[in-house]
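start06.txt follows; it contains compact mmCIF, C-alpha atoms.
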```txt
# COMPACT_ATOMS: atom_id res chain seq x y z
CA MET A 492 -20.75 -3.69 22.58
CA ASN A 493 -18.24 -4.03 25.35
CA ILE A 494 -16.63 -7.06 23.72
CA LEU A 495 -16.29 -5.14 20.46
CA TYR A 496 -14.76 -2.17 22.27
CA ASN A 497 -12.26 -4.30 24.14
CA SER A 498 -11.19 -6.28 21.09
CA GLY A 499 -10.71 -2.94 19.34
CA THR A 500 -8.41 -1.87 22.15
CA VAL A 501 -6.43 -5.10 21.79
CA LEU A 502 -6.02 -4.46 18.05
CA ILE A 503 -4.82 -0.90 18.66
CA ILE A 504 -2.28 -2.12 21.20
CA LEU A 505 -1.18 -4.74 18.68
CA GLY A 506 -0.61 -2.03 16.10
CA LEU A 507 1.68 0.18 18.17
CA PRO A 508 4.81 -2.07 18.16
CA PHE A 509 4.71 -2.20 14.36
CA PHE A 510 5.12 1.57 14.16
CA LEU A 511 7.92 1.58 16.69
CA SER A 512 9.79 -1.25 14.94
CA GLY A 513 9.30 0.47 11.59
CA THR A 514 11.12 3.48 12.98
CA VAL A 515 13.82 1.29 14.55
CA GLY A 516 14.29 -0.38 11.17
CA LEU A 517 14.50 3.00 9.44
CA ILE A 518 17.33 3.94 11.79
CA ARG A 519 19.15 0.61 12.02
CA PHE A 520 18.97 -0.93 8.55
CA PRO A 521 22.10 -0.47 6.44
CA ASP A 522 20.89 0.85 3.07
CA ILE A 523 18.04 2.61 1.35
CA TYR A 524 16.36 -0.56 0.05
CA THR A 525 16.25 -2.32 3.40
CA ARG A 526 14.97 0.87 5.04
CA LEU A 527 12.17 0.96 2.49
CA HIS A 528 11.20 -2.55 3.55
CA ALA A 529 11.02 -1.47 7.18
CA LEU A 530 9.04 1.66 6.47
CA THR A 531 6.38 0.33 4.12
CA LYS A 532 5.62 -3.04 5.65
CA ALA A 533 5.73 -2.26 9.34
CA ASP A 534 3.85 1.02 9.11
CA ASN A 535 1.12 -0.32 6.88
CA VAL A 536 0.45 -3.27 9.14
CA GLY A 537 0.52 -1.00 12.20
CA LEU A 538 -1.93 1.40 10.61
CA GLY A 539 -4.10 -1.52 9.55
CA CYS A 540 -4.32 -2.79 13.12
CA ILE A 541 -5.15 0.67 14.46
CA VAL A 542 -7.75 1.27 11.75
CA CYS A 543 -9.45 -2.07 12.43
CA GLY A 544 -9.38 -1.43 16.17
CA LEU A 545 -10.88 2.04 15.86
CA ALA A 546 -13.48 0.74 13.41
CA LEU A 547 -14.56 -1.89 15.94
CA GLN A 548 -14.82 0.79 18.63
CA SER A 549 -16.63 3.38 16.51
CA GLY A 550 -19.84 1.40 16.05
CA SER A 551 -20.77 3.49 13.01
CA TRP A 552 -20.69 2.34 9.39
CA ALA A 553 -19.82 5.77 8.02
CA VAL A 554 -16.79 6.10 10.30
CA THR A 555 -15.73 2.54 9.49
CA ALA A 556 -15.94 3.26 5.77
CA LYS A 557 -13.90 6.41 6.16
CA LEU A 558 -11.26 4.65 8.25
CA LEU A 559 -10.94 1.86 5.67
CA LEU A 560 -10.73 4.45 2.90
CA ILE A 561 -7.87 6.19 4.72
CA TRP A 562 -6.06 2.87 5.13
CA LEU A 563 -6.56 2.00 1.47
CA LEU A 564 -5.20 5.39 0.41
CA VAL A 565 -2.15 5.00 2.63
CA LEU A 566 -1.58 1.47 1.28
CA ILE A 567 -1.72 2.61 -2.34
CA ALA A 568 0.37 5.68 -1.64
CA SER A 569 3.10 3.92 0.28
CA SER A 570 3.45 0.95 -2.07
CA ALA A 571 3.60 3.26 -5.07
CA SER A 572 6.09 5.68 -3.52
CA CYS A 573 8.14 2.77 -2.19
CA HIS A 574 8.44 1.37 -5.71
CA LEU A 575 9.29 4.82 -7.10
CA ILE A 576 12.03 5.44 -4.55
CA ALA A 577 13.55 1.97 -5.11
CA ARG A 578 13.45 2.43 -8.89
CA SER A 579 15.07 5.85 -8.74
CA ALA A 580 17.76 4.47 -6.45
CA MET A 581 18.45 1.68 -8.95
CA HIS A 582 18.67 4.20 -11.78
CA LYS A 583 21.08 6.24 -9.73
CA ASN A 584 23.27 3.14 -9.38
CA ILE A 585 23.02 3.01 -5.62
CA GLN A 586 24.34 -0.47 -4.85
CA PRO A 587 22.28 -2.60 -2.47
CA TRP A 588 24.06 -3.47 0.74
CA THR A 589 25.05 -7.12 0.88
CA ARG A 590 26.22 -9.28 3.72
CA SER A 591 30.05 -9.05 3.93
CA MET B 998 -26.99 -10.20 -19.67
CA ARG B 999 -25.30 -11.34 -22.85
CA ASN B 1000 -27.58 -10.86 -25.86
CA GLY B 1001 -26.00 -11.17 -29.29
CA THR B 1002 -22.38 -11.72 -30.30
CA PRO B 1003 -19.64 -10.01 -28.26
CA SER B 1004 -19.15 -7.25 -30.85
CA SER B 1005 -22.81 -6.43 -31.51
CA PRO B 1006 -23.93 -2.86 -30.68
CA SER B 1007 -26.45 -4.00 -28.08
CA HIS B 1008 -23.76 -5.92 -26.24
CA ILE B 1009 -21.41 -2.93 -26.24
CA LEU B 1010 -24.22 -0.70 -25.02
CA SER B 1011 -25.17 -3.04 -22.19
CA GLN B 1012 -21.53 -3.35 -21.18
CA TYR B 1013 -21.23 0.44 -21.19
CA ALA B 1014 -24.34 0.78 -19.05
CA ARG B 1015 -23.09 -1.82 -16.61
CA ARG B 1016 -19.72 -0.14 -16.33
CA SER B 1017 -21.25 3.27 -15.64
CA LEU B 1018 -23.61 1.75 -13.07
CA VAL B 1019 -20.69 0.09 -11.25
CA ARG B 1020 -18.76 3.35 -11.20
CA PHE B 1021 -21.82 5.27 -10.03
CA VAL B 1022 -22.24 2.88 -7.10
CA VAL B 1023 -18.54 3.06 -6.22
CA PHE B 1024 -18.50 6.85 -6.27
CA SER B 1025 -21.71 7.04 -4.25
CA PHE B 1026 -20.13 4.81 -1.64
CA LEU B 1027 -17.06 7.03 -1.66
CA TRP B 1028 -19.19 10.11 -1.09
CA TYR B 1029 -21.01 8.39 1.75
CA ALA B 1030 -17.65 7.55 3.33
CA LEU B 1031 -16.38 11.11 2.92
CA ALA B 1032 -19.45 13.10 3.86
CA GLY B 1033 -21.01 10.85 6.47
CA SER B 1034 -24.63 9.91 6.91
CA ASP B 1035 -26.05 13.48 6.83
CA LYS B 1036 -28.79 13.42 4.16
CA ALA B 1037 -28.40 17.09 3.27
CA SER B 1038 -24.89 16.40 1.98
CA TRP B 1039 -26.39 14.63 -1.04
CA ILE B 1040 -27.46 18.04 -2.43
CA ILE B 1041 -23.81 18.41 -3.39
CA GLY B 1042 -23.18 14.68 -3.43
CA VAL B 1043 -25.46 13.62 -6.30
CA PRO B 1044 -24.06 16.14 -8.81
CA ALA B 1045 -20.53 15.36 -7.65
CA VAL B 1046 -21.06 11.61 -8.07
CA LEU B 1047 -22.61 12.08 -11.52
CA PHE B 1048 -19.77 14.36 -12.55
CA ALA B 1049 -17.16 11.89 -11.28
CA THR B 1050 -18.84 9.01 -13.14
CA ALA B 1051 -18.94 10.96 -16.39
CA LEU B 1052 -15.34 12.10 -15.98
CA SER B 1053 -14.05 8.61 -15.24
CA LEU B 1054 -15.93 7.20 -18.26
CA MET B 1055 -14.40 9.90 -20.43
CA LEU B 1056 -10.89 9.36 -19.15
CA ALA B 1057 -10.86 5.57 -18.95
CA SER B 1058 -13.88 4.25 -20.80
CA SER B 1059 -12.04 1.38 -22.47
CA SER B 1060 -10.29 0.17 -19.35
CA PRO B 1061 -10.34 -3.62 -19.47
CA LEU B 1062 -10.22 -3.81 -15.69
CA ARG B 1063 -12.48 -6.61 -14.51
CA ILE B 1064 -12.48 -7.74 -10.94
CA SER B 1065 -13.97 -11.10 -10.09
CA SER B 1066 -15.76 -11.24 -6.77
CA ALA B 1067 -14.61 -14.81 -6.17
CA GLY B 1068 -11.04 -13.71 -6.83
CA ALA B 1069 -11.43 -10.81 -4.39
CA PHE B 1070 -12.88 -13.20 -1.84
CA HIS B 1071 -9.65 -15.22 -1.99
CA PHE B 1072 -7.30 -12.32 -2.54
CA ILE B 1073 -8.22 -10.10 0.42
CA PRO B 1074 -7.56 -12.71 3.17
CA PHE B 1075 -4.40 -13.79 1.36
CA PHE B 1076 -3.21 -10.18 1.14
CA LEU B 1077 -4.02 -9.41 4.78
CA ARG B 1078 -2.28 -12.56 6.01
CA GLN B 1079 0.80 -11.96 3.87
CA SER B 1080 1.17 -8.30 4.82
CA PHE B 1081 0.78 -9.21 8.48
CA HIS B 1082 3.58 -11.76 8.06
CA GLY B 1083 5.60 -9.06 6.31
CA GLY B 1084 5.15 -6.72 9.25
CA ILE B 1085 6.13 -9.41 11.76
CA ASP B 1086 9.16 -10.31 9.64
CA VAL B 1087 10.38 -6.70 9.52
CA MET B 1088 9.74 -6.28 13.24
CA ARG B 1089 11.80 -9.38 14.04
CA ARG B 1090 14.72 -8.19 11.93
CA ALA B 1091 14.58 -4.62 13.21
CA LEU B 1092 14.47 -5.51 16.89
CA SER B 1093 16.86 -8.48 17.08
CA PHE B 1094 20.35 -7.96 18.48
CA GLN B 1095 22.12 -9.81 15.69
CA GLN B 1096 22.09 -8.62 12.12
CA LEU B 1097 19.48 -10.83 10.47
CA LEU B 1098 19.65 -9.28 7.02
CA ASP B 1099 20.92 -11.04 3.92
CA PRO B 1100 19.64 -8.79 1.13
CA GLY B 1101 19.93 -9.42 -2.57
CA LEU B 1102 18.30 -8.82 -5.92
CA VAL B 1103 16.12 -11.36 -7.70
CA SER B 1104 14.75 -11.12 -11.21
CA TYR B 1105 11.29 -12.48 -11.96
CA THR B 1106 9.52 -12.74 -15.30
CA THR B 1107 5.80 -12.30 -14.94
CA LEU B 1108 3.18 -13.83 -17.21
CA LEU B 1109 0.59 -11.19 -16.38
CA PRO B 1110 -0.47 -9.04 -19.34
CA GLU B 1111 0.59 -5.44 -19.69
CA GLY B 1112 -1.60 -2.89 -17.94
CA SER B 1113 -3.45 -2.65 -14.68
CA ALA B 1114 -2.90 -6.29 -13.67
CA ARG B 1115 0.87 -6.01 -13.95
CA ILE B 1116 0.99 -2.66 -12.16
CA PHE B 1117 -1.19 -4.00 -9.38
CA PHE B 1118 1.11 -7.04 -9.11
CA VAL B 1119 4.24 -4.88 -8.89
CA ASN B 1120 2.70 -2.69 -6.20
CA THR B 1121 1.55 -5.61 -4.06
CA ILE B 1122 4.99 -7.27 -4.18
CA SER B 1123 6.23 -4.51 -1.88
CA LEU B 1124 3.74 -5.55 0.78
CA LEU B 1125 4.71 -9.23 0.79
CA PRO B 1126 7.12 -10.49 3.45
CA GLY B 1127 10.72 -9.69 2.59
CA THR B 1128 10.21 -8.50 -0.99
CA LEU B 1129 10.21 -5.08 -2.60
CA SER B 1130 9.74 -4.40 -6.30
CA ALA B 1131 12.64 -2.24 -7.38
CA GLU B 1132 12.16 -2.11 -11.13
CA LEU B 1133 9.71 -3.08 -13.84
CA HIS B 1134 11.13 -3.52 -17.31
CA GLY B 1135 8.67 -4.99 -19.77
CA ASN B 1136 7.59 -8.20 -18.12
CA ARG B 1137 10.71 -8.48 -15.97
CA VAL B 1138 10.42 -7.37 -12.36
CA THR B 1139 13.57 -6.79 -10.33
CA ILE B 1140 12.89 -7.59 -6.72
CA HIS B 1141 14.94 -6.60 -3.72
CA THR B 1142 14.71 -9.09 -0.90
CA LEU B 1143 15.59 -8.74 2.77
CA ASP B 1144 16.72 -12.34 3.10
CA GLN B 1145 17.82 -14.57 0.25
CA GLY B 1146 16.90 -17.58 2.37
CA LEU B 1147 13.18 -16.79 2.13
CA PRO B 1148 11.01 -18.76 -0.33
CA ILE B 1149 10.68 -15.71 -2.59
CA TRP B 1150 9.83 -17.53 -5.81
CA ALA B 1151 7.05 -19.54 -4.26
CA ASN B 1152 5.58 -16.44 -2.59
CA ILE B 1153 5.64 -14.37 -5.75
CA GLN B 1154 4.19 -17.15 -7.88
CA ARG B 1155 1.37 -17.48 -5.40
CA LEU B 1156 0.77 -13.73 -5.52
CA GLU B 1157 0.78 -13.82 -9.32
CA TYR B 1158 -1.79 -16.60 -9.29
CA HIS B 1159 -4.02 -14.63 -6.91
CA VAL B 1160 -3.73 -11.43 -8.96
CA ALA B 1161 -4.64 -13.35 -12.12
CA ALA B 1162 -7.71 -14.78 -10.38
CA LEU B 1163 -8.66 -11.34 -9.06
CA MET B 1164 -8.41 -9.69 -12.48
CA CYS B 1165 -10.21 -12.49 -14.35
CA ILE B 1166 -7.15 -13.51 -16.33
CA SER B 1167 -7.46 -17.09 -17.49
CA PRO B 1168 -4.38 -19.33 -17.83
CA GLU B 1169 -4.81 -19.53 -21.62
CA LYS B 1170 -4.62 -15.77 -21.91
CA LYS B 1171 -1.58 -15.84 -19.68
CA GLU B 1172 0.28 -18.30 -21.94
CA SER B 1173 -0.38 -16.32 -25.09
CA SER B 1174 0.91 -13.01 -23.80
CA MET C 1390 -12.40 12.49 26.31
CA SER C 1391 -10.88 9.04 26.24
CA TRP C 1392 -7.47 9.17 27.86
CA MET C 1393 -6.61 5.71 26.62
CA HIS C 1394 -6.57 6.83 22.98
CA ILE C 1395 -4.60 9.94 23.79
CA PHE C 1396 -2.07 7.79 25.62
CA PHE C 1397 -1.75 5.55 22.53
CA ALA C 1398 -1.18 8.63 20.38
CA LEU C 1399 1.56 9.72 22.80
CA VAL C 1400 3.21 6.30 22.43
CA LEU C 1401 3.42 6.90 18.68
CA LEU C 1402 5.10 10.30 19.05
CA PRO C 1403 8.59 8.84 19.71
CA ALA C 1404 8.25 6.86 16.47
CA ILE C 1405 8.17 10.19 14.67
CA GLY C 1406 10.75 11.87 16.88
CA VAL C 1407 13.35 9.13 16.52
CA GLY C 1408 12.78 9.20 12.77
CA MET C 1409 14.41 12.64 12.81
CA ILE C 1410 17.76 10.87 13.24
CA ARG C 1411 17.42 9.58 9.69
CA ILE C 1412 16.91 13.14 8.44
CA LEU C 1413 20.14 14.19 10.11
CA ARG C 1414 22.13 11.18 8.92
CA GLY C 1415 20.88 10.99 5.35
CA PRO C 1416 22.96 10.04 3.38
CA THR C 1417 20.86 10.59 0.26
CA ALA C 1418 17.92 12.93 -0.19
CA ALA C 1419 15.65 9.91 -0.61
CA ASP C 1420 16.53 8.65 2.88
CA ARG C 1421 15.38 11.99 4.23
CA MET C 1422 12.26 11.82 2.13
CA MET C 1423 11.46 8.42 3.62
CA THR C 1424 11.22 10.10 6.99
CA ALA C 1425 8.60 12.36 5.47
CA GLN C 1426 6.73 9.23 4.47
CA LEU C 1427 7.05 7.97 8.03
CA PHE C 1428 5.60 11.28 9.23
CA GLY C 1429 2.71 10.73 6.86
CA THR C 1430 1.81 7.24 8.08
CA CYS C 1431 2.50 7.89 11.75
CA GLY C 1432 0.78 11.24 11.55
CA VAL C 1433 -2.32 9.61 10.11
CA ALA C 1434 -2.31 7.04 12.92
CA ILE C 1435 -1.92 9.74 15.58
CA LEU C 1436 -4.72 11.81 14.07
CA LEU C 1437 -7.03 8.79 13.98
CA LEU C 1438 -6.29 8.01 17.63
CA LEU C 1439 -6.78 11.65 18.62
CA SER C 1440 -10.04 11.75 16.72
CA ALA C 1441 -11.31 8.82 18.77
CA GLY C 1442 -9.81 10.21 21.97
CA MET C 1443 -11.22 13.70 21.67
CA GLY C 1444 -14.45 12.66 19.98
CA ASN C 1445 -13.76 15.01 17.12
CA PRO C 1446 -14.67 13.52 13.72
CA VAL C 1447 -13.11 16.46 11.85
CA LEU C 1448 -9.69 14.99 12.62
CA LEU C 1449 -10.61 12.02 10.41
CA ASP C 1450 -10.87 14.35 7.43
CA ILE C 1451 -7.54 15.89 8.32
CA ALA C 1452 -6.04 12.39 8.39
CA LEU C 1453 -7.51 11.73 4.94
CA VAL C 1454 -5.95 14.88 3.52
CA PHE C 1455 -2.69 14.04 5.27
CA SER C 1456 -2.51 10.63 3.63
CA LEU C 1457 -3.13 12.15 0.20
CA LEU C 1458 -0.52 14.85 0.73
CA ALA C 1459 2.16 12.41 1.91
CA ALA C 1460 1.73 10.42 -1.30
CA LEU C 1461 1.85 13.52 -3.48
CA ALA C 1462 4.93 14.83 -1.70
CA THR C 1463 6.93 11.64 -2.31
CA MET C 1464 5.84 11.34 -5.92
CA THR C 1465 6.62 14.97 -6.70
CA PHE C 1466 9.99 14.60 -5.03
CA ILE C 1467 10.83 11.57 -7.15
CA ARG C 1468 9.61 13.07 -10.42
CA ARG C 1469 11.09 16.52 -9.97
CA THR C 1470 14.25 16.40 -7.92
CA TRP C 1471 15.48 12.84 -7.52
CA ARG C 1472 15.11 11.46 -10.98
CA GLY C 1473 17.48 8.70 -12.05
CA SER C 1474 19.70 9.37 -15.04
CA GLY C 1475 18.22 6.35 -16.80
CA LYS C 1476 21.49 4.85 -18.00
CA LYS C 1477 23.33 1.70 -16.85
CA LYS C 1478 20.32 -0.11 -15.55
CA HIS C 1479 21.14 -3.76 -15.06
CA GLU C 1480 24.65 -4.11 -13.85
CA TYR C 1481 23.80 -5.59 -10.49
CA PRO C 1482 24.43 -9.24 -9.80
CA LEU C 1483 21.07 -10.86 -10.42
CA GLN C 1484 20.24 -14.30 -9.20
```
Could I get this file's structure written as structure tokens?
Amino acid sequence: MNILYNSGTVLIILGLPFFLSGTVGLIRFPDIYTRLHALTKADNVGLGCIVCGLALQSGSWAVTAKLLLIWLLVLIASSASCHLIARSAMHKNIQPWTRS
Amino acid sequence: MRNGTPSSPSHILSQYARRSLVRFVVFSFLWYALAGSDKASWIIGVPAVLFATALSLMLASSSPLRISSAGAFHFIPFFLRQSFHGGIDVMRRALSFQQLLDPGLVSYTTLLPEGSARIFFVNTISLLPGTLSAELHGNRVTIHTLDQGLPIWANIQRLEYHVAALMCISPEKKESS
Amino acid sequence: MSWMHIFFALVLLPAIGVGMIRILRGPTAADRMMTAQLFGTCGVAILLLLSAGMGNPVLLDIALVFSLLAALATMTFIRRTWRGSGKKKHEYPLQ
């Protein structure tokens, strides 16, 4: 039990930097497409780590199932809305930023 | 399971029954996840699950979506590993002092058939390291990449292979479409 | 009350707060909308951590609704207000 709890804590701590770097990427990256990369990938992995950590700590199958369901929903939602935003930006002729 | 030729009425009926059973189990699991382990919740839960099964059969009864369990067994670890790499990749580029970005657009022609497999493929591209699906036009996917130096083609081909295995799409069917 | 989880939730708050800069800077409406998406994902994570920290399982349901609403908000935004004109599609340099 204690080992499960502690490895859950490690996973949660692992997840936090992903969120922070997702936000840093959202601020620092030069155009809308690169910002989308930062937002979707970093945040989904961060949420995945936190969900797995909390599931290990919860010790209940119902809570684990609900946590995984939330993660799955966020995954579907963010990949779909990421694709929609990128497609609309392409249709609006927003040029991707290129090096030099 | 398979009695008679693929188009015989008994085969269609058994397929229909199997499909509704699978959906019933999935929706029951969903209810369990939402409502928790309280047994009294099934007073509402059983009618809700039955209603959801009937509704989904009415709305998408002819959906050809087939998921192979062996494919899922290979796909889920692949997906988790790749999205973890994607997160690390973005973190590295966001936090480094130099500008590590070299974005560009890549066009990829997919062999996956029209429908759920292709849509699933396009949505998972965005979770792979350094790639983001920007447009789907027929079977041509326009992909935005964070770094043109990444092995994008190899990654996407691998993803396509895994999606085909997950959705029970055989190579022959892939060639013909 | 588990202070550890509440501390983790507090660590995530700046991730939302700093995201506000993108709302101020824009430049397009979609950039601002992406911050809303960030609020969705980060908000879900904070709610999950708070639910564990305060021992309140109701917060899990709120997180579930939050994740659904964030998706709907972005999709409605794209379909209703930020639709592409649909012309001149492939004029970018493709490799």
Counting only C-alpha atoms, the residue among C:Ile1412, C:Ala1434, C:Leu1399, C:Met1423 that lies closest to Leu538 of chain A is C:Ala1434
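Using all atoms listed in the file for every distance, the candidate list B:Gly1042, B:Pro1100, B:Gly1112, B:Gly1083 yields B:Pro1100 as the residue closest to chain C.
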Give as a ChimeraX atom specification every residue of chain B that touches chain C within 8 Å, counting all atoms listed in the file. /B:1031,1102-1104
When the cut-off is 7 Å and we count all atoms listed in the file, which residues of chain A are near chain C, given as a PDB file with C-alpha atoms, keeping the file's coordinate frame?
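Output contents, as saved in iface.pdb:
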```pdb
ATOM      1  CA  LEU A 507       1.680   0.180  18.170  1.00  0.00           C
ATOM      2  CA  PHE A 510       5.120   1.570  14.160  1.00  0.00           C
ATOM      3  CA  LEU A 511       7.920   1.580  16.690  1.00  0.00           C
ATOM      4  CA  THR A 514      11.120   3.480  12.980  1.00  0.00           C
ATOM      5  CA  ILE A 518      17.330   3.940  11.790  1.00  0.00           C
ATOM      6  CA  ILE A 523      18.040   2.610   1.350  1.00  0.00           C
ATOM      7  CA  LEU A 530       9.040   1.660   6.470  1.00  0.00           C
ATOM      8  CA  ASP A 534       3.850   1.020   9.110  1.00  0.00           C
ATOM      9  CA  LEU A 538      -1.930   1.400  10.610  1.00  0.00           C
ATOM     10  CA  ILE A 561      -7.870   6.190   4.720  1.00  0.00           C
ATOM     11  CA  LEU A 564      -5.200   5.390   0.410  1.00  0.00           C
ATOM     12  CA  VAL A 565      -2.150   5.000   2.630  1.00  0.00           C
ATOM     13  CA  ALA A 568       0.370   5.680  -1.640  1.00  0.00           C
ATOM     14  CA  SER A 569       3.100   3.920   0.280  1.00  0.00           C
ATOM     15  CA  SER A 572       6.090   5.680  -3.520  1.00  0.00           C
ATOM     16  CA  LEU A 575       9.290   4.820  -7.100  1.00  0.00           C
ATOM     17  CA  ILE A 576      12.030   5.440  -4.550  1.00  0.00           C
ATOM     18  CA  SER A 579      15.070   5.850  -8.740  1.00  0.00           C
ATOM     19  CA  HIS A 582      18.670   4.200 -11.780  1.00  0.00           C
ATOM     20  CA  LYS A 583      21.080   6.240  -9.730  1.00  0.00           C
TER      21      LYS A 583
END
```
At a cut-off of 8 Å, list the chain A residues touching chain B, using all atoms listed in the file, as a VMD selection string. chain A and resid 509 512 to 513 515 to 516 519 to 520 524 to 525 528 to 529 531 to 537 553 to 554 556 to 557 560 567 570 to 571 573 to 575 577 to 578 581 587 to 590
Write to file, as a tab-separated table (two decimals), in the frame of the given file, the residues of the selection just made, with C-alpha atoms.
```
chain	number	residue	atom	x	y	z
A	509	PHE	CA	4.71	-2.20	14.36
A	512	SER	CA	9.79	-1.25	14.94
A	513	GLY	CA	9.30	0.47	11.59
A	515	VAL	CA	13.82	1.29	14.55
A	516	GLY	CA	14.29	-0.38	11.17
A	519	ARG	CA	19.15	0.61	12.02
A	520	PHE	CA	18.97	-0.93	8.55
A	524	TYR	CA	16.36	-0.56	0.05
A	525	THR	CA	16.25	-2.32	3.40
A	528	HIS	CA	11.20	-2.55	3.55
A	529	ALA	CA	11.02	-1.47	7.18
A	531	THR	CA	6.38	0.33	4.12
A	532	LYS	CA	5.62	-3.04	5.65
A	533	ALA	CA	5.73	-2.26	9.34
A	534	ASP	CA	3.85	1.02	9.11
A	535	ASN	CA	1.12	-0.32	6.88
A	536	VAL	CA	0.45	-3.27	9.14
A	537	GLY	CA	0.52	-1.00	12.20
A	553	ALA	CA	-19.82	5.77	8.02
A	554	VAL	CA	-16.79	6.10	10.30
A	556	ALA	CA	-15.94	3.26	5.77
A	557	LYS	CA	-13.90	6.41	6.16
A	560	LEU	CA	-10.73	4.45	2.90
A	567	ILE	CA	-1.72	2.61	-2.34
A	570	SER	CA	3.45	0.95	-2.07
A	571	ALA	CA	3.60	3.26	-5.07
A	573	CYS	CA	8.14	2.77	-2.19
A	574	HIS	CA	8.44	1.37	-5.71
A	575	LEU	CA	9.29	4.82	-7.10
A	577	ALA	CA	13.55	1.97	-5.11
A	578	ARG	CA	13.45	2.43	-8.89
A	581	MET	CA	18.45	1.68	-8.95
A	587	PRO	CA	22.28	-2.60	-2.47
A	588	TRP	CA	24.06	-3.47	0.74
A	589	THR	CA	25.05	-7.12	0.88
A	590	ARG	CA	26.22	-9.28	3.72
```
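The space between atom CA of Gly1432 of chain C and atom CA of Leu527 of chain A spans 17.8 Å.
Atom pair atom CA of Leu517 of chain A / atom CA of Glu1157 of chain B has a distance of 28.7 Å (rounded to one decimal).
Each of C:Arg1469, C:Phe1396, C:Leu1413, C:Gly1444 was checked against Gln548 of chain A using only C-alpha atoms; the smallest atom-to-atom distance is that of C:Gly1444.
Separating atom CA of Ile503 of chain A from atom CA of Phe1075 of chain B is a distance of 21.6 Å.
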Might you pull out every residue within 12 Å of Phe1070 of chain B, with only C-alpha atoms counted and same-chain residues fewer than 6 positions away left off, and present them as a PDB file with C-alpha atoms, keeping the file's coordinate frame?
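What landed in part_2.pdb:
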```
ATOM      1  CA  ILE B1064     -12.480  -7.740 -10.940  1.00  0.00           C
ATOM      2  CA  PHE B1076      -3.210 -10.180   1.140  1.00  0.00           C
ATOM      3  CA  LEU B1077      -4.020  -9.410   4.780  1.00  0.00           C
ATOM      4  CA  HIS B1159      -4.020 -14.630  -6.910  1.00  0.00           C
ATOM      5  CA  VAL B1160      -3.730 -11.430  -8.960  1.00  0.00           C
ATOM      6  CA  ALA B1162      -7.710 -14.780 -10.380  1.00  0.00           C
ATOM      7  CA  LEU B1163      -8.660 -11.340  -9.060  1.00  0.00           C
TER       8      LEU B1163
END
```
Handout entry: Polymer residues at most 9 Å from Gly539 of chain A, all atoms listed in the file, same-chain spacing of 4 or more positions, as number ranges by chain
Key = A: 506, 534-535, 543-544, 559, 562
